[in-house]
$ cat structure-v4.cif   # mmCIF, C-alpha atoms and all ligand atoms
data_data
loop_
_atom_site.group_PDB
_atom_site.id
_atom_site.type_symbol
_atom_site.label_atom_id
_atom_site.label_comp_id
_atom_site.auth_asym_id
_atom_site.auth_seq_id
_atom_site.Cartn_x
_atom_site.Cartn_y
_atom_site.Cartn_z
ATOM 1 C CA MET A 1 -90.290 11.856 8.666
ATOM 2 C CA TYR A 2 -88.707 11.709 5.237
ATOM 3 C CA TYR A 3 -89.163 13.754 2.094
ATOM 4 C CA ILE A 4 -88.651 12.315 -1.369
ATOM 5 C CA GLY A 5 -87.158 14.476 -4.108
ATOM 6 C CA ILE A 6 -87.124 13.524 -7.787
ATOM 7 C CA ASP A 7 -84.923 15.390 -10.232
ATOM 8 C CA ILE A 8 -86.302 15.005 -13.773
ATOM 9 C CA GLY A 9 -83.472 15.456 -16.265
ATOM 10 C CA GLY A 10 -83.361 15.070 -20.030
ATOM 11 C CA THR A 11 -81.964 11.526 -19.854
ATOM 12 C CA ASN A 12 -82.416 10.293 -16.264
ATOM 13 C CA LEU A 13 -84.740 10.409 -13.303
ATOM 14 C CA LYS A 14 -82.865 10.705 -10.012
ATOM 15 C CA ALA A 15 -84.752 10.249 -6.770
ATOM 16 C CA GLY A 16 -83.554 10.633 -3.199
ATOM 17 C CA LEU A 17 -84.823 10.117 0.323
ATOM 18 C CA VAL A 18 -84.118 13.259 2.355
ATOM 19 C CA ASN A 19 -84.253 13.360 6.152
ATOM 20 C CA GLU A 20 -85.265 16.210 8.458
ATOM 21 C CA ARG A 21 -81.684 17.514 8.506
ATOM 22 C CA TYR A 22 -82.017 18.028 4.717
ATOM 23 C CA GLU A 23 -79.536 15.229 3.958
ATOM 24 C CA ILE A 24 -79.887 12.547 1.290
ATOM 25 C CA THR A 25 -79.951 9.095 2.901
ATOM 26 C CA ALA A 26 -80.584 6.982 -0.222
ATOM 27 C CA THR A 27 -80.879 7.500 -3.965
ATOM 28 C CA LYS A 28 -82.224 5.721 -7.020
ATOM 29 C CA LYS A 29 -81.656 6.441 -10.687
ATOM 30 C CA THR A 30 -83.464 5.264 -13.800
ATOM 31 C CA PRO A 31 -83.321 6.226 -17.485
ATOM 32 C CA LEU A 32 -86.126 8.508 -18.604
ATOM 33 C CA GLN A 33 -88.236 6.454 -21.029
ATOM 34 C CA PHE A 34 -91.965 6.873 -21.423
ATOM 35 C CA GLU A 35 -94.484 6.618 -24.224
ATOM 36 C CA SER A 36 -97.372 8.562 -22.781
ATOM 37 C CA MET A 37 -97.848 11.169 -20.096
ATOM 38 C CA GLU A 38 -99.970 8.591 -18.246
ATOM 39 C CA GLN A 39 -97.003 6.250 -18.175
ATOM 40 C CA MET A 40 -94.745 9.041 -16.953
ATOM 41 C CA GLY A 41 -96.969 9.497 -13.883
ATOM 42 C CA GLU A 42 -96.796 5.784 -13.185
ATOM 43 C CA ILE A 43 -92.996 5.667 -13.545
ATOM 44 C CA LEU A 44 -92.579 8.572 -11.107
ATOM 45 C CA ALA A 45 -94.893 6.995 -8.538
ATOM 46 C CA ARG A 46 -93.282 3.573 -8.834
ATOM 47 C CA MET A 47 -89.842 5.089 -8.396
ATOM 48 C CA ALA A 48 -90.873 6.885 -5.205
ATOM 49 C CA ILE A 49 -92.609 3.793 -3.813
ATOM 50 C CA GLU A 50 -89.605 1.568 -4.552
ATOM 51 C CA LEU A 51 -87.193 4.087 -3.054
ATOM 52 C CA SER A 52 -89.042 4.074 0.263
ATOM 53 C CA GLU A 53 -89.671 0.300 0.320
ATOM 54 C CA GLU A 54 -86.100 -0.653 -0.612
ATOM 55 C CA ASN A 55 -84.783 1.501 2.226
ATOM 56 C CA GLY A 56 -87.174 0.271 4.889
ATOM 57 C CA VAL A 57 -89.097 3.521 5.155
ATOM 58 C CA PRO A 58 -92.848 2.845 5.560
ATOM 59 C CA ARG A 59 -94.970 4.907 3.221
ATOM 60 C CA ASP A 60 -96.606 6.759 6.098
ATOM 61 C CA GLN A 61 -93.149 8.025 7.088
ATOM 62 C CA VAL A 62 -92.888 9.948 3.808
ATOM 63 C CA ALA A 63 -94.322 13.451 4.267
ATOM 64 C CA SER A 64 -94.280 14.451 0.619
ATOM 65 C CA VAL A 65 -92.842 13.806 -2.820
ATOM 66 C CA GLY A 66 -91.372 16.818 -4.604
ATOM 67 C CA MET A 67 -90.328 16.875 -8.238
ATOM 68 C CA GLY A 68 -88.104 19.262 -10.132
ATOM 69 C CA PHE A 69 -88.801 19.664 -13.865
ATOM 70 C CA PRO A 70 -86.709 21.492 -16.462
ATOM 71 C CA GLY A 71 -89.406 24.056 -17.224
ATOM 72 C CA PRO A 72 -92.231 26.090 -15.711
ATOM 73 C CA VAL A 73 -94.745 24.365 -13.442
ATOM 74 C CA ASP A 74 -98.013 25.274 -11.738
ATOM 75 C CA ASP A 75 -97.507 23.794 -8.286
ATOM 76 C CA LYS A 76 -100.968 24.810 -7.021
ATOM 77 C CA GLN A 77 -102.718 22.922 -9.829
ATOM 78 C CA GLY A 78 -100.137 20.121 -9.833
ATOM 79 C CA VAL A 79 -99.427 20.675 -13.519
ATOM 80 C CA VAL A 80 -96.156 20.801 -15.464
ATOM 81 C CA ILE A 81 -96.680 23.520 -18.072
ATOM 82 C CA LYS A 82 -93.885 22.499 -20.408
ATOM 83 C CA THR A 83 -90.311 21.242 -20.317
ATOM 84 C CA VAL A 84 -87.136 21.716 -22.270
ATOM 85 C CA ASN A 85 -85.942 18.612 -24.172
ATOM 86 C CA ILE A 86 -88.723 16.319 -22.864
ATOM 87 C CA PRO A 87 -92.096 16.092 -24.654
ATOM 88 C CA ILE A 88 -94.236 17.138 -21.682
ATOM 89 C CA ARG A 89 -96.962 19.754 -22.154
ATOM 90 C CA SER A 90 -99.703 20.667 -19.655
ATOM 91 C CA MET A 91 -99.218 17.398 -17.791
ATOM 92 C CA PRO A 92 -101.308 16.905 -14.615
ATOM 93 C CA VAL A 93 -98.456 15.162 -12.798
ATOM 94 C CA ALA A 94 -99.958 15.309 -9.305
ATOM 95 C CA GLU A 95 -103.230 13.708 -10.433
ATOM 96 C CA MET A 96 -101.432 10.943 -12.346
ATOM 97 C CA PHE A 97 -99.123 10.284 -9.421
ATOM 98 C CA HIS A 98 -102.053 10.101 -6.993
ATOM 99 C CA ARG A 99 -103.587 7.194 -8.937
ATOM 100 C CA HIS A 100 -100.698 5.140 -7.530
ATOM 101 C CA TRP A 101 -99.844 6.794 -4.219
ATOM 102 C CA ASP A 102 -101.895 9.287 -2.318
ATOM 103 C CA VAL A 103 -99.092 11.379 -0.765
ATOM 104 C CA PRO A 104 -98.765 15.192 -0.959
ATOM 105 C CA VAL A 105 -97.031 16.018 -4.270
ATOM 106 C CA ARG A 106 -95.170 19.268 -4.913
ATOM 107 C CA LEU A 107 -93.788 20.477 -8.229
ATOM 108 C CA GLY A 108 -90.972 22.897 -8.935
ATOM 109 C CA ASN A 109 -88.716 24.156 -11.669
ATOM 110 C CA ASP A 110 -85.275 22.530 -11.428
ATOM 111 C CA ALA A 111 -83.324 25.786 -11.093
ATOM 112 C CA ASP A 112 -85.754 26.914 -8.362
ATOM 113 C CA CYS A 113 -85.360 23.578 -6.568
ATOM 114 C CA ALA A 114 -81.575 23.909 -6.655
ATOM 115 C CA ALA A 115 -81.873 27.419 -5.192
ATOM 116 C CA LEU A 116 -84.115 26.102 -2.424
ATOM 117 C CA GLY A 117 -81.529 23.416 -1.638
ATOM 118 C CA GLU A 118 -78.790 26.054 -1.331
ATOM 119 C CA PHE A 119 -81.062 28.244 0.810
ATOM 120 C CA TYR A 120 -81.675 25.483 3.361
ATOM 121 C CA HIS A 121 -78.015 24.514 3.400
ATOM 122 C CA TYR A 122 -76.668 28.037 3.793
ATOM 123 C CA GLU A 123 -74.496 28.385 6.914
ATOM 124 C CA ASN A 124 -76.549 31.229 8.367
ATOM 125 C CA LYS A 125 -80.086 29.926 8.924
ATOM 126 C CA ASP A 126 -81.430 33.450 9.524
ATOM 127 C CA ILE A 127 -81.345 34.580 5.918
ATOM 128 C CA GLU A 128 -84.569 35.154 3.998
ATOM 129 C CA SER A 129 -83.310 35.697 0.463
ATOM 130 C CA LEU A 130 -80.883 33.828 -1.756
ATOM 131 C CA ILE A 131 -80.457 33.738 -5.505
ATOM 132 C CA LEU A 132 -78.667 30.827 -7.128
ATOM 133 C CA VAL A 133 -76.859 31.618 -10.384
ATOM 134 C CA THR A 134 -75.644 28.481 -12.179
ATOM 135 C CA LEU A 135 -73.053 28.888 -14.916
ATOM 136 C CA GLY A 136 -73.414 26.021 -17.380
ATOM 137 C CA THR A 137 -74.546 25.666 -20.987
ATOM 138 C CA GLY A 138 -76.587 28.759 -20.202
ATOM 139 C CA ILE A 139 -77.138 30.688 -16.989
ATOM 140 C CA GLY A 140 -79.829 29.327 -14.695
ATOM 141 C CA THR A 141 -81.192 31.402 -11.863
ATOM 142 C CA GLY A 142 -83.460 30.477 -8.979
ATOM 143 C CA ILE A 143 -84.938 33.120 -6.707
ATOM 144 C CA ILE A 144 -85.777 32.616 -3.029
ATOM 145 C CA LEU A 145 -87.476 35.611 -1.406
ATOM 146 C CA ASN A 146 -88.869 35.625 2.140
ATOM 147 C CA GLY A 147 -87.836 31.977 2.344
ATOM 148 C CA LYS A 148 -89.989 30.980 -0.626
ATOM 149 C CA ILE A 149 -89.435 30.297 -4.308
ATOM 150 C CA HIS A 150 -90.510 33.232 -6.451
ATOM 151 C CA THR A 151 -92.188 31.759 -9.534
ATOM 152 C CA GLY A 152 -94.031 34.782 -10.900
ATOM 153 C CA VAL A 153 -97.530 34.952 -12.367
ATOM 154 C CA ASN A 154 -97.002 31.972 -14.687
ATOM 155 C CA GLY A 155 -94.196 29.914 -13.184
ATOM 156 C CA CYS A 156 -91.656 31.491 -15.540
ATOM 157 C CA ALA A 157 -89.846 33.870 -13.160
ATOM 158 C CA GLY A 158 -86.156 33.421 -12.530
ATOM 159 C CA GLU A 159 -84.799 33.501 -16.066
ATOM 160 C CA GLY A 160 -81.961 35.822 -15.185
ATOM 161 C CA GLY A 161 -79.809 34.314 -17.942
ATOM 162 C CA HIS A 162 -82.127 35.960 -20.464
ATOM 163 C CA THR A 163 -81.782 39.516 -19.234
ATOM 164 C CA VAL A 164 -79.979 41.601 -21.832
ATOM 165 C CA ILE A 165 -76.540 43.022 -21.031
ATOM 166 C CA VAL A 166 -75.527 43.984 -24.613
ATOM 167 C CA TYR A 167 -78.433 45.600 -26.471
ATOM 168 C CA GLY A 168 -78.551 44.211 -30.023
ATOM 169 C CA GLY A 169 -75.752 41.797 -29.139
ATOM 170 C CA GLU A 170 -75.300 38.101 -29.904
ATOM 171 C CA PRO A 171 -78.491 36.217 -30.848
ATOM 172 C CA CYS A 172 -79.848 33.927 -28.117
ATOM 173 C CA SER A 173 -81.939 30.751 -28.314
ATOM 174 C CA CYS A 174 -84.764 32.630 -26.551
ATOM 175 C CA GLY A 175 -85.214 34.934 -29.548
ATOM 176 C CA ARG A 176 -83.635 38.062 -28.086
ATOM 177 C CA ARG A 177 -80.154 39.418 -28.594
ATOM 178 C CA GLY A 178 -77.435 40.160 -26.078
ATOM 179 C CA CYS A 179 -78.673 37.949 -23.222
ATOM 180 C CA TRP A 180 -76.420 37.589 -20.163
ATOM 181 C CA GLU A 181 -75.940 33.862 -20.774
ATOM 182 C CA ARG A 182 -74.544 34.519 -24.248
ATOM 183 C CA TYR A 183 -71.622 36.281 -22.544
ATOM 184 C CA ALA A 184 -71.199 34.822 -19.087
ATOM 185 C CA SER A 185 -72.212 31.131 -19.175
ATOM 186 C CA ALA A 186 -69.530 28.426 -19.083
ATOM 187 C CA ASN A 187 -70.174 27.839 -22.785
ATOM 188 C CA ALA A 188 -69.649 31.544 -23.478
ATOM 189 C CA LEU A 189 -66.324 31.419 -21.623
ATOM 190 C CA ILE A 190 -65.259 28.489 -23.807
ATOM 191 C CA ARG A 191 -66.178 30.401 -26.980
ATOM 192 C CA GLN A 192 -64.279 33.464 -25.734
ATOM 193 C CA THR A 193 -61.252 31.307 -24.904
ATOM 194 C CA ILE A 194 -61.218 29.728 -28.375
ATOM 195 C CA ALA A 195 -61.505 33.147 -30.044
ATOM 196 C CA ALA A 196 -58.535 34.439 -28.026
ATOM 197 C CA MET A 197 -56.484 31.346 -28.909
ATOM 198 C CA ASP A 198 -57.246 31.894 -32.594
ATOM 199 C CA SER A 199 -55.761 35.366 -32.446
ATOM 200 C CA HIS A 200 -52.872 34.496 -30.092
ATOM 201 C CA LYS A 201 -51.052 31.488 -31.510
ATOM 202 C CA ASP A 202 -48.277 31.883 -28.903
ATOM 203 C CA SER A 203 -50.655 31.768 -25.912
ATOM 204 C CA ALA A 204 -50.030 29.251 -23.122
ATOM 205 C CA MET A 205 -53.663 28.177 -23.646
ATOM 206 C CA TRP A 206 -52.484 26.158 -26.688
ATOM 207 C CA GLY A 207 -50.033 24.173 -24.566
ATOM 208 C CA LEU A 208 -52.686 23.466 -21.909
ATOM 209 C CA THR A 209 -55.003 21.929 -24.479
ATOM 210 C CA GLY A 210 -52.352 20.055 -26.458
ATOM 211 C CA GLY A 211 -53.165 22.241 -29.471
ATOM 212 C CA ASP A 212 -56.655 20.722 -29.606
ATOM 213 C CA LEU A 213 -59.498 23.267 -29.522
ATOM 214 C CA SER A 214 -62.013 20.555 -28.587
ATOM 215 C CA ARG A 215 -60.180 20.219 -25.251
ATOM 216 C CA VAL A 216 -60.821 23.841 -24.288
ATOM 217 C CA ASP A 217 -63.019 24.034 -21.199
ATOM 218 C CA GLY A 218 -64.053 26.589 -18.601
ATOM 219 C CA ARG A 219 -60.718 26.185 -16.767
ATOM 220 C CA THR A 220 -58.367 26.770 -19.708
ATOM 221 C CA ALA A 221 -58.208 30.574 -19.521
ATOM 222 C CA PHE A 222 -58.024 30.618 -15.697
ATOM 223 C CA GLU A 223 -55.147 28.099 -15.672
ATOM 224 C CA ALA A 224 -53.166 29.915 -18.359
ATOM 225 C CA MET A 225 -53.743 33.216 -16.571
ATOM 226 C CA ARG A 226 -52.151 31.763 -13.434
ATOM 227 C CA LYS A 227 -49.113 30.874 -15.552
ATOM 228 C CA GLY A 228 -48.853 34.569 -16.460
ATOM 229 C CA ASP A 229 -50.369 34.382 -19.964
ATOM 230 C CA ALA A 230 -51.528 37.845 -21.064
ATOM 231 C CA ALA A 231 -54.127 36.675 -23.613
ATOM 232 C CA ALA A 232 -55.701 34.399 -20.992
ATOM 233 C CA ARG A 233 -55.710 37.235 -18.452
ATOM 234 C CA ALA A 234 -57.619 39.371 -20.979
ATOM 235 C CA VAL A 235 -60.197 36.578 -21.499
ATOM 236 C CA VAL A 236 -60.751 36.189 -17.760
ATOM 237 C CA ASP A 237 -60.936 39.942 -17.136
ATOM 238 C CA GLN A 238 -63.531 40.382 -19.886
ATOM 239 C CA TYR A 239 -65.493 37.337 -18.700
ATOM 240 C CA LEU A 240 -65.584 38.664 -15.130
ATOM 241 C CA GLU A 241 -66.864 42.013 -16.463
ATOM 242 C CA TYR A 242 -69.772 40.260 -18.202
ATOM 243 C CA LEU A 243 -70.491 38.112 -15.171
ATOM 244 C CA ALA A 244 -70.367 41.099 -12.799
ATOM 245 C CA CYS A 245 -72.650 43.136 -15.072
ATOM 246 C CA GLY A 246 -75.442 40.568 -14.835
ATOM 247 C CA LEU A 247 -74.866 39.978 -11.131
ATOM 248 C CA ALA A 248 -75.133 43.715 -10.531
ATOM 249 C CA ASN A 249 -78.499 43.693 -12.326
ATOM 250 C CA VAL A 250 -79.657 40.916 -10.010
ATOM 251 C CA VAL A 251 -78.437 42.834 -6.961
ATOM 252 C CA ASN A 252 -79.991 46.112 -8.069
ATOM 253 C CA ILE A 253 -83.405 44.489 -8.439
ATOM 254 C CA PHE A 254 -83.431 42.182 -5.408
ATOM 255 C CA GLN A 255 -80.593 43.166 -3.057
ATOM 256 C CA PRO A 256 -80.647 39.569 -1.823
ATOM 257 C CA GLU A 257 -78.699 38.579 1.268
ATOM 258 C CA VAL A 258 -76.816 35.935 -0.698
ATOM 259 C CA ILE A 259 -76.031 35.095 -4.304
ATOM 260 C CA ALA A 260 -74.670 31.550 -4.627
ATOM 261 C CA LEU A 261 -72.679 30.801 -7.768
ATOM 262 C CA GLY A 262 -72.918 27.254 -9.107
ATOM 263 C CA GLY A 263 -71.576 25.262 -12.053
ATOM 264 C CA GLY A 264 -68.036 24.213 -12.935
ATOM 265 C CA VAL A 265 -66.681 27.760 -13.264
ATOM 266 C CA SER A 266 -67.636 28.477 -9.640
ATOM 267 C CA HIS A 267 -64.905 26.069 -8.499
ATOM 268 C CA GLU A 268 -62.158 28.492 -9.582
ATOM 269 C CA ARG A 269 -60.052 29.821 -6.719
ATOM 270 C CA ASP A 270 -61.741 32.542 -4.699
ATOM 271 C CA GLU A 271 -58.965 35.049 -5.425
ATOM 272 C CA ASP A 272 -59.533 34.564 -9.180
ATOM 273 C CA LEU A 273 -63.338 34.583 -9.176
ATOM 274 C CA LEU A 274 -65.399 35.404 -6.098
ATOM 275 C CA ALA A 275 -63.122 38.092 -4.658
ATOM 276 C CA PRO A 276 -62.821 40.194 -7.848
ATOM 277 C CA LEU A 277 -66.524 39.672 -8.607
ATOM 278 C CA GLN A 278 -67.547 40.767 -5.116
ATOM 279 C CA SER A 279 -65.728 44.104 -5.441
ATOM 280 C CA MET A 280 -66.768 44.685 -9.084
ATOM 281 C CA VAL A 281 -70.420 44.027 -8.263
ATOM 282 C CA LEU A 282 -70.298 46.285 -5.213
ATOM 283 C CA GLU A 283 -68.763 49.026 -7.353
ATOM 284 C CA MET A 284 -71.653 48.765 -9.862
ATOM 285 C CA CYS A 285 -74.533 48.534 -7.398
ATOM 286 C CA PHE A 286 -76.748 50.777 -5.380
ATOM 287 C CA GLY A 287 -76.257 50.432 -1.647
ATOM 288 C CA ARG A 288 -72.448 50.739 -1.765
ATOM 289 C CA GLU A 289 -72.529 52.885 1.366
ATOM 290 C CA ALA A 290 -75.002 50.674 3.213
ATOM 291 C CA ASP A 291 -73.962 48.551 6.185
ATOM 292 C CA ARG A 292 -75.001 45.306 4.561
ATOM 293 C CA HIS A 293 -74.318 44.015 1.071
ATOM 294 C CA THR A 294 -75.185 40.960 -0.970
ATOM 295 C CA LYS A 295 -72.662 38.257 -0.188
ATOM 296 C CA LEU A 296 -71.329 36.207 -3.100
ATOM 297 C CA VAL A 297 -70.626 32.598 -2.194
ATOM 298 C CA LYS A 298 -69.931 29.308 -3.912
ATOM 299 C CA ALA A 299 -72.919 26.951 -4.188
ATOM 300 C CA LYS A 300 -72.488 23.943 -1.904
ATOM 301 C CA LEU A 301 -74.655 21.127 -3.138
ATOM 302 C CA GLY A 302 -73.469 20.436 -6.678
ATOM 303 C CA ASN A 303 -75.306 17.570 -8.370
ATOM 304 C CA ASP A 304 -77.369 16.788 -5.269
ATOM 305 C CA ALA A 305 -79.022 20.215 -5.269
ATOM 306 C CA GLY A 306 -81.817 19.084 -7.598
ATOM 307 C CA ILE A 307 -82.884 16.137 -5.430
ATOM 308 C CA ILE A 308 -82.553 17.967 -2.110
ATOM 309 C CA GLY A 309 -84.334 21.046 -3.443
ATOM 310 C CA ALA A 310 -87.205 18.998 -4.915
ATOM 311 C CA ALA A 311 -87.611 17.193 -1.592
ATOM 312 C CA LEU A 312 -87.590 20.505 0.293
ATOM 313 C CA LEU A 313 -90.587 21.708 -1.750
ATOM 314 C CA GLY A 314 -92.544 19.611 0.727
ATOM 315 C CA ILE A 315 -91.175 21.565 3.717
ATOM 316 C CA GLN A 316 -92.132 24.900 2.185
HETATM 317 ZN ZN ZN B 1 -81.935 34.753 -24.155
#
$ encode --input "structure-v4.cif" --output "structure tokens"
Amino acid sequence: MYYIGIDIGGTNLKAGLVNERYEITATKKTPLQFESMEQMGEILARMAIELSEENGVPRDQVASVGMGFPGPVDDKQGVVIKTVNIPIRSMPVAEMFHRHWDVPVRLGNDADCAALGEFYHYENKDIESLILVTLGTGIGTGIILNGKIHTGVNGCAGEGGHTVIVYGGEPCSCGRRGCWERYASANALIRQTIAAMDSHKDSAMWGLTGGDLSRVDGRTAFEAMRKGDAAARAVVDQYLEYLACGLANVVNIFQPEVIALGGGVSHERDEDLLAPLQSMVLEMCFGREADRHTKLVKAKLGNDAGIIGAALLGIQ
């Protein structure tokens, strides 16, 4: 049997056929353009049908179609509650899809789908809990407990990026101040790097970016630190403190078996990122003396996580 996963992004729809070993065997991509919610249902169904037909997979060999949306969903009712950046509100996706293809349809939030993908691909198949923390424009979190996505009473659980780590701190797009993602997302790291460059005109960070602040990215401070630059070292140390603070909150609430870190920043060398974070988090958390601790690892799936995770909704 196969499972189809569709990752609904702000600009593209990406669909994949996933086999029983949780691997993608074929993909299809199309720009996201629709005029009505009705049409959106048709586009999704057509994409799934074409994906299976073009790859010689009969429709009765597809066990389910899972879809990951950038927002909260009600999987039981088959409804997308709302999405970020796409004009979808209270859309009965499953019903619209079923007008074209009567296959089991599952809906998930994209961060939750990505977490599910990491959970199924984790090296130790005996784990029951994993939390994916993705460092990007913001901080996305997806929570897997007892092998299942935890969505909360309204589909909105897993917004770890909007837990406050600095009371009354920097304003956040969510309306609160001092959210974790304002301090520890990849974008936050870039802002912190630029601020440090402004006050240290002799920093090696200037040389790395050719004196152009628009070329600063999440690697700039880490690279300059490895060249021995003190200002860059201070940026990284402070950034790791912020990151560890939020991770410790996650650990203190859930004590998950694994936290997987995703996003570009997670590709930094282990000795510069995961190793210091692991000991800082342990230092801050309850359970220091226990035999088992939350293990921090690098997320494995990268851009494929959304498709694989959406497809795996059908296995759940
Ligand atoms: Zn916030």
$ residues_near_ligand --input "structure-v4.cif" --ligand "ligand ZN 1 (chain B)" --cutoff "12 Å" --atoms "all atoms listed in the file" --output "ChimeraX atom specification"
/A:138-140,159-185
$ atom_distance --input "structure-v4.cif" --atom1 "atom CA of A:Gln39" --atom2 "atom CA of A:Arg99"
11.4 Å
$ resolve_selection --input "structure-v4.cif" --expression "the PyMOL selection byres (((chain A and resi 61) around 9) and not hetatm)" --output "list in words"
Met1, Tyr2, Tyr3, Ser52, Val57, Pro58, Arg59, Asp60, Val62 and Ala63 of chain A
$ write_last_selection --input "structure-v4.cif" --atoms "C-alpha atoms" --output "mmCIF file, keeping the file's coordinate frame"
data_model
loop_
_atom_site.group_PDB
_atom_site.id
_atom_site.type_symbol
_atom_site.label_atom_id
_atom_site.label_comp_id
_atom_site.auth_asym_id
_atom_site.auth_seq_id
_atom_site.Cartn_x
_atom_site.Cartn_y
_atom_site.Cartn_z
ATOM 1 C CA MET A 1 -90.290 11.856 8.666
ATOM 2 C CA TYR A 2 -88.707 11.709 5.237
ATOM 3 C CA TYR A 3 -89.163 13.754 2.094
ATOM 4 C CA SER A 52 -89.042 4.074 0.263
ATOM 5 C CA VAL A 57 -89.097 3.521 5.155
ATOM 6 C CA PRO A 58 -92.848 2.845 5.560
ATOM 7 C CA ARG A 59 -94.970 4.907 3.221
ATOM 8 C CA ASP A 60 -96.606 6.759 6.098
ATOM 9 C CA VAL A 62 -92.888 9.948 3.808
ATOM 10 C CA ALA A 63 -94.322 13.451 4.267
#
$ residues_near_point --input "structure-v4.cif" --point "(-64.9, 23.5, -12.8)" --cutoff "12 Å" --atoms "all atoms listed in the file" --output "list in words"
Thr134, Leu135, Gly136, Ala186, Leu189, Asp217, Gly218, Arg219, Thr220, Ala221, Phe222, Glu223, Leu261, Gly262, Gly263, Gly264, Val265, Ser266, His267, Glu268, Arg269, Leu273, Lys298 and Gly302 of chain A
$ closest_residue --input "structure-v4.cif" --among "A:Ala311, A:Cys113, A:Ile259, A:Ser64" --to "A:Leu274" --atoms "all atoms listed in the file"
A:Ile259
$ resolve_selection --input "structure-v4.cif" --expression "the PyMOL selection byres (((chain A and resi 239-242) around 9) and not hetatm)" --output "list in words"
Ile165, Trp180, Tyr183, Ala184, Ala188, Leu189, Gln192, Ala234, Val235, Val236, Asp237, Gln238, Leu243, Ala244, Cys245, Gly246, Leu247, Leu273, Pro276, Leu277 and Met280 of chain A
$ axis_aligned_box --input "structure-v4.cif" --around "stretch 31-49 of chain A" --padding-each-side "3 Å" --output "lines of an AutoDock Vina configuration file"
center_x = -91.6
center_y = 7.4
center_z = -14.0
size_x = 22.6
size_y = 13.6
size_z = 26.4
$ closest_residue --input "structure-v4.cif" --among "A:His121, A:Thr294, A:Val18, A:Asp7" --to "A:Met67" --atoms "only C-alpha atoms"
A:Asp7
$ resolve_selection --input "structure-v4.cif" --expression "the PyMOL selection byres (((chain A and resi 111) around 8) and not hetatm)" --output "list in words"
Pro70, Asn109, Asp110, Asp112, Cys113, Ala114, Ala115, Leu132, Gly140, Thr141, Gly142 and Gly306 of chain A
$ residues_around --input "structure-v4.cif" --residues "A:Leu312" --least-positions-apart "2" --cutoff "8 Å" --atoms "only C-alpha atoms" --output "MDAnalysis selection string"
chainID A and resid 3 5 22 66 113 116:117 308:310 314:316
